[in-house]
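As C-alpha cells, the structure follows; a few thoughts come after it.
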Amino acid sequence: MSRIIPISLLALGLFTVTFAVNLQAPLYDAYAAESDVGATAVTVAFAAYVGGLMPTLLLLGGLSDRIGRREPIALALILGAVATALLVQVPSWTSLVIARFLLGIGTGLATTAGTAYMTEILGSDRAKNAALIVTSATSLGFGGGALATGISLAVQGPTFLPASYIALFVAAPILAVIALGLPRIDRPKPVSLLRLPVFPTGTWVFGVAMALAWSTTGMTIAVVPLELAANNLGGWTGFVIFLAIFVGFLCQPISRRMTNERALGLGFVLVPFGFLVLLAGVWLKVLAFVLIGTCITSAASYGFTYLASLAEVSLGAPDDRARATAGLFVYAYFGFSLPVIASGALADILGLLSAMIVFASVQMAITAIIVIFWKKRSAPPFRDSIHAS
C-alpha cells in the first residue's frame with residue numbers, strides 16, 4: 001500500500017474525531033436555555049471535555065504503545081458519534097456535560113496515538129512533516145465542526161438535529177472500520193496499560209506557551225459566543241469559532257519554515273495582541289474587530305505555537321512520542337479549561353465583558369513573565385559571549 005493512502009486515511013480519521021469536538025458549540029446557548037443555566041454552567045460544560053481528556057492523557061497516553069495505534073483512533077471515532085447522539089436524544093445542559101466528557105476521552109486517545117502513528121508512517125527523520133499533517137487535520141476538524149453546525153442552522157433553522165450531526169453519524173462508523181484496517185507499522189510493546197505522560201527536557205516553555213495560547217482559544221469558543229448572543233450576533237458564532245482555528249491552519253506552512261523557537265516567540269507576541277483586538281471589538285460592539293482579533297489569535301495558537309510545540313516534543317522523545325504528546329496536551333488543556341471556568345464564574349458576578357478584561361490582563365502579565373524568564377534561561381552567559389567574539 002502506498003504511504004499516501006494510510007497518511008490520508010489517518011488524517012481524515014483525526015479530522016473527524018476533532019470535527020465532533022466543537023460540533024455542538026453553536027448550540028451552547030440553546031442547551032443552556034433548555035436547562036435554564038447561566039454562563040458558569042456553560043463554561044463548566046465546555047470544560048467537561050477536559051475532564052475526560054486529562055485523565056486519558058495522564059493515565060492512558062501510552063496506551064497505543066501496548067495495544068497498537070489503530071484501536072484508540074477507531075474507539076475515538078465511535079465515542080464522538082455516541083456523544084453527539086446523546087445530545088440529539090436528550091438536548092440539555094446535563095447531556096452536554098456528558099457528551100463533552102466523552103469527546104475529551106476520544107480526543108486524548110486519538111491525538112496521542114495519531115501523532116505517533118503518523119511519524120511512524122513517514123519516518124522519524126520527517127517528524128516535523130508528521131506534526132504538520134496532524135496539526136493541519138486536527139485544526140481543520142476543531143474549527144470545521146462548529147462552522148458546519150453554524151451553516152446547518154442557518155439553512156435549516158433552529159433544530160437539535162442539524163445536518164452536520166447527521167454527517168458525523170454516517171462518517172464516524174465507516175472511518176472506524178477503515179482505521180482498524182490500516183497497516184500495522186508499529187510494534188506493540190509489553191508495557192503497562194497505565195503509563196504517565198513524558199515531559200522531554202527543555203520543552204517546558206513550549207508546554208506553557210500551549211497553555212497560554214489555548215486558554216485564549218477556549219475563551220473564544222466558550223465565552224465570546226455568549227457575548228455575541230447578548231448583542232444579537234449569535235448567528236456569527238460558528239464562523240468565529242471556525243476562524244479561531246482555521247486561520248492557524250493557513251499559517252502552519254509558514255511556521256514549518258521557521259525554527260521552533262522563532263515560531264514560539266511569534267506566538268507569544270500575537271496571542272495577547274489578538275485577544276486585545278477581539279476584546280476591543282466586543283467592548284465597542286464592532287464585529288470586524290472581533291473577527292480580526294480572532295484571526296490573529298488563531299494564527300498564533302494553531303499556526304505557530306501548536307506546530308512548533310508538537311514538533312519540539314516529538315523530536316525531544318523519539319522513543320516515547322505518544323507519551324510526550326500526552327505531556328504537551330496536559331499543559332494545553334489545563335490552559336484550555338481552568339481560565340475558561342474561572343472567567344465563566346466571574347462573568348456571572350461582574351458580567352461577560354468585565355470577565356474578558358480580567359482574563360486579558362492576567363494573560364498579558366503571565367506572558368511577559370514567561371518570556372522574560374525564557375530569554376534569561378536561553379541567553380548565553382556573558383563570559384561565553386565575549387569569548388566567542
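Please note that chains go A, B, ... in the order of the C-alpha cells, that every chain numbers its residues from 1, and that ligands are numbered from 1 in the order shown.
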So that I can see what lies close to Leu328 in chain A, please list as a ChimeraX atom specification the residues with an atom at most 12 Å from it, counting only C-alpha atoms and leaving out residues fewer than 6 positions away in the same chain. /A:54,57-58,61,108,111-112,115,197-200,203-211,214,305-314,316-317,321-322,334-335
Give me the residues within 9 Å of range 178-181 of chain A as a list in words, counting only C-alpha atoms and dropping any in the same chain fewer than 5 places off.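 Here the qualifying residues turn out to be Pro6, Leu9, Leu10, Gly13, Arg70, Glu71, Ile73, Ala74 and Pro173 of chain A.
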Non-local contacts of Ala83 in chain A (8 Å; only C-alpha atoms; under 6 positions in same chain excluded) as number ranges by chain: A: 98-100, 102-103
Residues of range 17-86 of chain A in alpha helix (DSSP H) according to DSSP, as an MDAnalysis selection string? chainID A and resid 17:19 28:35 39:60 63:67 70:86
What does the distance from CA of Arg184 in chain A to CA of Gly114 in chain A come to in Å, to one decimal?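 According to the coordinates, CA of Arg184 in chain A and CA of Gly114 in chain A are separated by 12.6 Å.
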For Ala355 in chain A, find every residue with an atom within 12 Å (counting only C-alpha atoms), except residues of its own chain fewer than 2 positions away, and show them as a ChimeraX atom specification. /A:39-40,219,223-224,227,279,282-283,339-353,357-362
Output file for the selection above: C-alpha atoms, as an mmCIF file, in the first residue's frame:
```cif
data_model
loop_
_atom_site.group_PDB
_atom_site.id
_atom_site.type_symbol
_atom_site.label_atom_id
_atom_site.label_comp_id
_atom_site.auth_asym_id
_atom_site.auth_seq_id
_atom_site.Cartn_x
_atom_site.Cartn_y
_atom_site.Cartn_z
ATOM 1 C CA ALA A 39 -22.510 31.452 31.976
ATOM 2 C CA THR A 40 -20.750 29.447 34.689
ATOM 3 C CA MET A 219 -12.246 31.937 25.739
ATOM 4 C CA VAL A 223 -17.236 32.876 26.342
ATOM 5 C CA VAL A 224 -17.180 35.079 23.244
ATOM 6 C CA GLU A 227 -21.309 37.896 24.379
ATOM 7 C CA LEU A 279 -11.792 42.494 23.300
ATOM 8 C CA VAL A 282 -16.674 43.163 21.988
ATOM 9 C CA TRP A 283 -16.365 46.398 24.007
ATOM 10 C CA PRO A 339 -9.181 30.000 32.843
ATOM 11 C CA VAL A 340 -12.441 29.496 30.945
ATOM 12 C CA ILE A 341 -14.244 28.124 34.010
ATOM 13 C CA ALA A 342 -12.867 30.963 36.151
ATOM 14 C CA SER A 343 -13.962 33.522 33.554
ATOM 15 C CA GLY A 344 -17.439 31.993 33.386
ATOM 16 C CA ALA A 345 -17.814 32.242 37.163
ATOM 17 C CA LEU A 346 -16.540 35.814 37.065
ATOM 18 C CA ALA A 347 -18.951 36.624 34.242
ATOM 19 C CA ASP A 348 -21.930 35.636 36.387
ATOM 20 C CA ILE A 349 -20.709 38.087 39.033
ATOM 21 C CA LEU A 350 -19.290 41.005 37.034
ATOM 22 C CA GLY A 351 -20.600 40.449 33.522
ATOM 23 C CA LEU A 352 -19.022 38.893 30.429
ATOM 24 C CA LEU A 353 -17.100 41.983 29.312
ATOM 25 C CA ILE A 357 -10.937 42.263 30.642
ATOM 26 C CA VAL A 358 -9.648 40.423 33.714
ATOM 27 C CA PHE A 359 -8.602 37.479 31.549
ATOM 28 C CA ALA A 360 -6.715 39.758 29.142
ATOM 29 C CA SER A 361 -4.869 41.464 31.998
ATOM 30 C CA VAL A 362 -3.779 38.187 33.579
#
```
Write out as a list of chain:residue names each polymer residue whose atoms come within 9 Å of Phe169 in chain A, counting only C-alpha atoms; drop sequence neighbours fewer than 5 positions from it. A:Gly80, A:Ala81, A:Val82, A:Thr84, A:Ala85, A:Ser164
Go ahead and dump the residues you just picked, C-alpha atoms, as an mmCIF file, in the first residue's frame.
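See result.cif below for the written result:
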```cif
data_model
loop_
_atom_site.group_PDB
_atom_site.id
_atom_site.type_symbol
_atom_site.label_atom_id
_atom_site.label_comp_id
_atom_site.auth_asym_id
_atom_site.auth_seq_id
_atom_site.Cartn_x
_atom_site.Cartn_y
_atom_site.Cartn_z
ATOM 1 C CA GLY A 80 -17.616 11.095 19.035
ATOM 2 C CA ALA A 81 -20.711 9.635 17.389
ATOM 3 C CA VAL A 82 -22.127 8.355 20.707
ATOM 4 C CA THR A 84 -23.370 13.553 19.611
ATOM 5 C CA ALA A 85 -26.232 11.049 19.558
ATOM 6 C CA SER A 164 -23.684 18.394 10.492
#
```
From A:Pro183, A:Gly104, A:Pro225, A:Gly145, residue lying nearest Met118 in chain A [only C-alpha atoms]: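 Checking each candidate against Met118 in chain A, we get A:Pro183 as the closest.
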Using only C-alpha atoms, pick whichever of A:Ser215, A:Thr294, A:Thr201, A:Asn129 has the shortest atom-to-atom distance to Ser255 in chain A. A:Asn129
Counting only C-alpha atoms, the option among A:Ser124, A:Thr149, A:Thr135, A:Gln156 closest to Ile241 in chain A: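 Checking each candidate against Ile241 in chain A, we get A:Thr149 as the closest.
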Among the residues A:Ile4, A:Ala154, A:Ile105, A:Ala11, the one that comes closest to Leu132 in chain A [using only C-alpha atoms]: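 For Leu132 in chain A, the nearest of the candidates is A:Ala11.
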Given only C-alpha atoms as the basis, pick out the residue of A:Ala213, A:Leu87, A:Ile7, A:Ala30 nearest to Glu120 in chain A.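 Checking each of A:Ala213, A:Leu87, A:Ile7, A:Ala30 against Glu120 in chain A, counting only C-alpha atoms, the winner is A:Ile7.
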With a distance cut-off of 7 Å and only C-alpha atoms, select the neighbouring residues of Ala172 in chain A, excluding the residue or stretch itself and same-chain residues fewer than 6 positions from it, and output the selection as a list of chain:residue names.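 Final neighbour list, sorted by chain and number: A:Thr16, A:Leu77, A:Ile78, A:Ala81.
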Atom pair CA of Gly68 in chain A / CA of Tyr117 in chain A: separation (Å): 9.1 Å
Could you give me, as number ranges by chain, the residues within 12 Å of range 88-90 of chain A, counting only C-alpha atoms and dropping anything in the same chain fewer than 6 positions from it? A: 24, 27, 31, 34-35, 81-82, 96-99, 159-166, 169
Take the residues just selected and output them with N, CA and C atoms as a PDB file, in the first residue's frame.
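The result, stored in again15.pdb:
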```pdb
ATOM      1  N   GLN A  24     -21.103  20.922  18.493  1.00  0.00           N
ATOM      2  CA  GLN A  24     -22.279  21.422  19.214  1.00  0.00           C
ATOM      3  C   GLN A  24     -22.131  22.858  19.701  1.00  0.00           C
ATOM      4  N   LEU A  27     -24.755  25.600  19.466  1.00  0.00           N
ATOM      5  CA  LEU A  27     -25.994  25.305  20.193  1.00  0.00           C
ATOM      6  C   LEU A  27     -25.830  25.417  21.708  1.00  0.00           C
ATOM      7  N   TYR A  31     -28.802  24.721  24.497  1.00  0.00           N
ATOM      8  CA  TYR A  31     -28.760  23.700  25.549  1.00  0.00           C
ATOM      9  C   TYR A  31     -28.884  24.350  26.924  1.00  0.00           C
ATOM     10  N   GLU A  34     -32.463  25.283  27.565  1.00  0.00           N
ATOM     11  CA  GLU A  34     -33.284  24.119  27.884  1.00  0.00           C
ATOM     12  C   GLU A  34     -33.229  23.789  29.375  1.00  0.00           C
ATOM     13  N   SER A  35     -32.065  24.050  29.998  1.00  0.00           N
ATOM     14  CA  SER A  35     -31.883  23.733  31.418  1.00  0.00           C
ATOM     15  C   SER A  35     -31.882  24.972  32.299  1.00  0.00           C
ATOM     16  N   ALA A  81     -19.345   9.851  17.882  1.00  0.00           N
ATOM     17  CA  ALA A  81     -20.711   9.635  17.389  1.00  0.00           C
ATOM     18  C   ALA A  81     -21.683   9.397  18.547  1.00  0.00           C
ATOM     19  N   VAL A  82     -21.264   8.636  19.553  1.00  0.00           N
ATOM     20  CA  VAL A  82     -22.127   8.355  20.707  1.00  0.00           C
ATOM     21  C   VAL A  82     -22.434   9.634  21.480  1.00  0.00           C
ATOM     22  N   LEU A  96     -24.965  17.798  27.637  1.00  0.00           N
ATOM     23  CA  LEU A  96     -23.794  18.479  27.091  1.00  0.00           C
ATOM     24  C   LEU A  96     -22.550  18.163  27.923  1.00  0.00           C
ATOM     25  N   VAL A  97     -22.692  18.151  29.233  1.00  0.00           N
ATOM     26  CA  VAL A  97     -21.567  17.814  30.114  1.00  0.00           C
ATOM     27  C   VAL A  97     -21.070  16.396  29.822  1.00  0.00           C
ATOM     28  N   ILE A  98     -21.990  15.444  29.745  1.00  0.00           N
ATOM     29  CA  ILE A  98     -21.611  14.052  29.493  1.00  0.00           C
ATOM     30  C   ILE A  98     -20.980  13.903  28.108  1.00  0.00           C
ATOM     31  N   ALA A  99     -21.580  14.552  27.123  1.00  0.00           N
ATOM     32  CA  ALA A  99     -21.065  14.465  25.760  1.00  0.00           C
ATOM     33  C   ALA A  99     -19.659  15.038  25.659  1.00  0.00           C
ATOM     34  N   THR A 159     -32.840  23.864  15.362  1.00  0.00           N
ATOM     35  CA  THR A 159     -33.061  22.421  15.465  1.00  0.00           C
ATOM     36  C   THR A 159     -31.975  21.816  16.339  1.00  0.00           C
ATOM     37  N   PHE A 160     -32.297  20.697  16.985  1.00  0.00           N
ATOM     38  CA  PHE A 160     -31.293  19.972  17.752  1.00  0.00           C
ATOM     39  C   PHE A 160     -30.727  18.789  16.949  1.00  0.00           C
ATOM     40  N   LEU A 161     -31.091  18.711  15.662  1.00  0.00           N
ATOM     41  CA  LEU A 161     -30.527  17.701  14.769  1.00  0.00           C
ATOM     42  C   LEU A 161     -30.079  18.359  13.458  1.00  0.00           C
ATOM     43  N   PRO A 162     -29.034  19.188  13.529  1.00  0.00           N
ATOM     44  CA  PRO A 162     -28.531  19.818  12.305  1.00  0.00           C
ATOM     45  C   PRO A 162     -27.900  18.789  11.374  1.00  0.00           C
ATOM     46  N   ALA A 163     -27.771  19.139  10.119  1.00  0.00           N
ATOM     47  CA  ALA A 163     -27.219  18.221   9.119  1.00  0.00           C
ATOM     48  C   ALA A 163     -25.783  17.827   9.447  1.00  0.00           C
ATOM     49  N   SER A 164     -25.068  18.697  10.124  1.00  0.00           N
ATOM     50  CA  SER A 164     -23.684  18.394  10.492  1.00  0.00           C
ATOM     51  C   SER A 164     -23.616  17.179  11.411  1.00  0.00           C
ATOM     52  N   TYR A 165     -24.603  17.038  12.305  1.00  0.00           N
ATOM     53  CA  TYR A 165     -24.656  15.865  13.184  1.00  0.00           C
ATOM     54  C   TYR A 165     -24.861  14.593  12.359  1.00  0.00           C
ATOM     55  N   ILE A 166     -25.766  14.681  11.385  1.00  0.00           N
ATOM     56  CA  ILE A 166     -26.062  13.512  10.545  1.00  0.00           C
ATOM     57  C   ILE A 166     -24.814  13.086   9.776  1.00  0.00           C
ATOM     58  N   PHE A 169     -22.677  11.064  12.025  1.00  0.00           N
ATOM     59  CA  PHE A 169     -23.230   9.728  12.257  1.00  0.00           C
ATOM     60  C   PHE A 169     -22.925   8.775  11.097  1.00  0.00           C
TER      61      PHE A 169
END
```
Correct to one decimal, the distance CA of Ser95 in chain A-CA of Val37 in chain A is 13.2 Å
